[in-house]
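Take a look at the structure set out below.
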Amino acid sequence: MLLLQFQAGTDRYGLDIGQIIEVSSMVSLRAVPHAPPEVAGTFNYRGTLTPVVDLTVLLTGASSRPRMSTRIILIAYQGEDGRSHILGLLAEAVTEMIDCRKESLQQPVVTVSGAPYLGDTMFDERGSIQVLDMERLLTRDLLFTLFPPEVANG
């Protein structure tokens, strides 16, 4: 498995590249008034208005800092209604890909009910990298905010 590594606070995390469409430089985001704090804003990605979720806010409560290595990771997201969406994930220190063998992963010893997206952990010479489960990353409420159901025109 190939992981795209990023950092939130002092911890490293990885995303399976299977759902990643592209990694984009940081761009100016349009704020969404009254949105939850993890919603960083929206931007125009190839003609499509695309929401962006700040992974650092989601994981640590603090916003991602505007650094040279801060990126928007664009993923394909399949909604419960069957519709496909593009979602941006804002993250710091998006600098490398890590080759990870499935047998090298260790299951979490602590599970947190509010964070079902925290997956297995691998270790390398610099410490641990926790894999995030993108299918469980966003709560149902947040998904409804980002991708409201289509309303049939009557």
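Residues are named by chain letter and number: chains run A, B, ... in the order of the structure tokens, numbers start at 1 in each chain, and ligands are numbered from 1 in the order shown.
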
Inset, instruction - With a distance cut-off of 10 Å and only C-alpha atoms, select the neighbouring residues of region 133-146 of chain A, excluding the residue or stretch itself and same-chain residues fewer than 5 positions from it, and output the selection as an MDAnalysis selection string. - result: chainID A and resid 14:16 19 35:36 38:39 42 50:53 55 58 75:80 85 87 114:120

Mind writing the picked residues with N, CA and C atoms as an mmCIF file, in the first residue's frame?
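Contents of the output file out_11.cif:
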data_model
loop_
_atom_site.group_PDB
_atom_site.id
_atom_site.type_symbol
_atom_site.label_atom_id
_atom_site.label_comp_id
_atom_site.auth_asym_id
_atom_site.auth_seq_id
_atom_site.Cartn_x
_atom_site.Cartn_y
_atom_site.Cartn_z
ATOM 1 N N GLY A 14 -1.137 9.101 7.432
ATOM 2 C CA GLY A 14 -1.054 8.678 6.043
ATOM 3 C C GLY A 14 -2.432 8.441 5.458
ATOM 4 N N LEU A 15 -2.556 8.730 4.172
ATOM 5 C CA LEU A 15 -3.775 8.466 3.412
ATOM 6 C C LEU A 15 -3.424 7.495 2.288
ATOM 7 N N ASP A 16 -4.206 6.444 2.143
ATOM 8 C CA ASP A 16 -4.025 5.495 1.038
ATOM 9 C C ASP A 16 -4.249 6.264 -0.256
ATOM 10 N N GLN A 19 -7.726 6.702 -3.368
ATOM 11 C CA GLN A 19 -8.815 7.639 -3.633
ATOM 12 C C GLN A 19 -8.330 9.036 -4.014
ATOM 13 N N ALA A 35 -20.140 27.784 8.835
ATOM 14 C CA ALA A 35 -19.775 26.378 8.639
ATOM 15 C C ALA A 35 -19.025 25.871 9.876
ATOM 16 N N PRO A 36 -19.006 24.566 10.083
ATOM 17 C CA PRO A 36 -18.213 24.003 11.190
ATOM 18 C C PRO A 36 -16.742 24.400 11.029
ATOM 19 N N GLU A 38 -13.978 22.839 10.950
ATOM 20 C CA GLU A 38 -13.120 22.025 10.083
ATOM 21 C C GLU A 38 -13.334 22.295 8.594
ATOM 22 N N VAL A 39 -14.382 23.045 8.245
ATOM 23 C CA VAL A 39 -14.601 23.415 6.843
ATOM 24 C C VAL A 39 -13.772 24.668 6.557
ATOM 25 N N THR A 42 -14.182 26.856 0.257
ATOM 26 C CA THR A 42 -14.394 26.239 -1.054
ATOM 27 C C THR A 42 -13.470 26.895 -2.062
ATOM 28 N N THR A 50 -15.607 23.210 -5.043
ATOM 29 C CA THR A 50 -15.148 22.076 -4.241
ATOM 30 C C THR A 50 -14.945 22.484 -2.792
ATOM 31 N N PRO A 51 -15.593 21.765 -1.848
ATOM 32 C CA PRO A 51 -15.377 22.058 -0.429
ATOM 33 C C PRO A 51 -14.026 21.518 0.033
ATOM 34 N N VAL A 52 -13.455 22.196 1.038
ATOM 35 C CA VAL A 52 -12.167 21.790 1.591
ATOM 36 C C VAL A 52 -12.306 21.645 3.106
ATOM 37 N N VAL A 53 -11.890 20.487 3.612
ATOM 38 C CA VAL A 53 -11.893 20.204 5.043
ATOM 39 C C VAL A 53 -10.450 20.264 5.535
ATOM 40 N N LEU A 55 -7.739 19.036 7.696
ATOM 41 C CA LEU A 55 -7.426 17.845 8.478
ATOM 42 C C LEU A 55 -6.765 18.192 9.809
ATOM 43 N N LEU A 58 -9.512 18.998 12.162
ATOM 44 C CA LEU A 58 -10.209 17.756 12.494
ATOM 45 C C LEU A 58 -9.424 16.934 13.528
ATOM 46 N N ILE A 75 -9.693 14.298 -3.243
ATOM 47 C CA ILE A 75 -10.086 12.894 -3.233
ATOM 48 C C ILE A 75 -11.451 12.724 -3.901
ATOM 49 N N ALA A 76 -11.681 11.521 -4.396
ATOM 50 C CA ALA A 76 -12.998 11.142 -4.919
ATOM 51 C C ALA A 76 -13.781 10.592 -3.751
ATOM 52 N N TYR A 77 -14.973 11.116 -3.541
ATOM 53 C CA TYR A 77 -15.797 10.670 -2.429
ATOM 54 C C TYR A 77 -17.145 10.213 -2.961
ATOM 55 N N GLN A 78 -17.536 9.001 -2.617
ATOM 56 C CA GLN A 78 -18.818 8.445 -3.036
ATOM 57 C C GLN A 78 -19.813 8.617 -1.898
ATOM 58 N N GLY A 79 -20.865 9.407 -2.115
ATOM 59 C CA GLY A 79 -21.875 9.640 -1.093
ATOM 60 C C GLY A 79 -22.795 8.449 -0.911
ATOM 61 N N GLU A 80 -23.511 8.457 0.206
ATOM 62 C CA GLU A 80 -24.463 7.378 0.482
ATOM 63 C C GLU A 80 -25.559 7.319 -0.568
ATOM 64 N N HIS A 85 -18.444 12.833 -5.588
ATOM 65 C CA HIS A 85 -18.072 14.199 -5.254
ATOM 66 C C HIS A 85 -16.554 14.307 -5.236
ATOM 67 N N LEU A 87 -13.651 16.199 -3.030
ATOM 68 C CA LEU A 87 -13.463 16.830 -1.736
ATOM 69 C C LEU A 87 -12.000 17.185 -1.584
ATOM 70 N N GLY A 114 -15.381 8.990 18.978
ATOM 71 C CA GLY A 114 -15.548 10.195 18.170
ATOM 72 C C GLY A 114 -14.599 10.284 16.998
ATOM 73 N N ALA A 115 -13.713 9.305 16.850
ATOM 74 C CA ALA A 115 -12.731 9.329 15.764
ATOM 75 C C ALA A 115 -12.605 7.951 15.122
ATOM 76 N N PRO A 116 -13.678 7.472 14.477
ATOM 77 C CA PRO A 116 -13.625 6.132 13.877
ATOM 78 C C PRO A 116 -12.676 6.045 12.677
ATOM 79 N N TYR A 117 -12.207 7.181 12.200
ATOM 80 C CA TYR A 117 -11.317 7.239 11.042
ATOM 81 C C TYR A 117 -9.862 6.923 11.401
ATOM 82 N N LEU A 118 -9.524 6.864 12.694
ATOM 83 C CA LEU A 118 -8.150 6.544 13.086
ATOM 84 C C LEU A 118 -7.905 5.060 12.876
ATOM 85 N N GLY A 119 -7.048 4.744 11.931
ATOM 86 C CA GLY A 119 -6.817 3.361 11.551
ATOM 87 C C GLY A 119 -5.529 2.798 12.130
ATOM 88 N N ASP A 120 -4.986 1.847 11.421
ATOM 89 C CA ASP A 120 -3.786 1.148 11.853
ATOM 90 C C ASP A 120 -2.577 2.079 11.850
#

Inset, instruction - For Met97 (chain A), work out the shell of residues within 6 Å, counting only C-alpha atoms and skipping chain neighbours fewer than 5 positions away, then give it as a PyMOL selection string. - result: chain A and resi 3-5

Inset, instruction - Please identify all polymer residues within 7 Å of Ser128 (chain A), counting only C-alpha atoms, omitting same-chain residues fewer than 6 positions from it, and present them as a PyMOL selection string. - result: chain A and resi 12+121-122

Generate a file of the selected residues that holds C-alpha atoms, formatted as a PDB file, in the first residue's frame.
ATOM      1  CA  ARG A  12       2.330  12.029  11.175  1.00  0.00           C
ATOM      2  CA  THR A 121      -0.299   2.429  12.655  1.00  0.00           C
ATOM      3  CA  MET A 122       3.063   1.732  11.085  1.00  0.00           C
TER       4      MET A 122
END

Legend entry - Separation of CA of Leu90 (chain A) from CA of Glu103 (chain A), in Å and rounded to one decimal: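 Computed distance, CA of Leu90 (chain A) to CA of Glu103 (chain A), equals 28.9 Å.
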
Inset, instruction - Measuring atom to atom with only C-alpha atoms, identify which of A:Ser104, A:Ser28, A:Thr70, A:Thr111 is nearest to Tyr45 (chain A). - result: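 Closest to Tyr45 (chain A), using only C-alpha atoms: A:Ser28.
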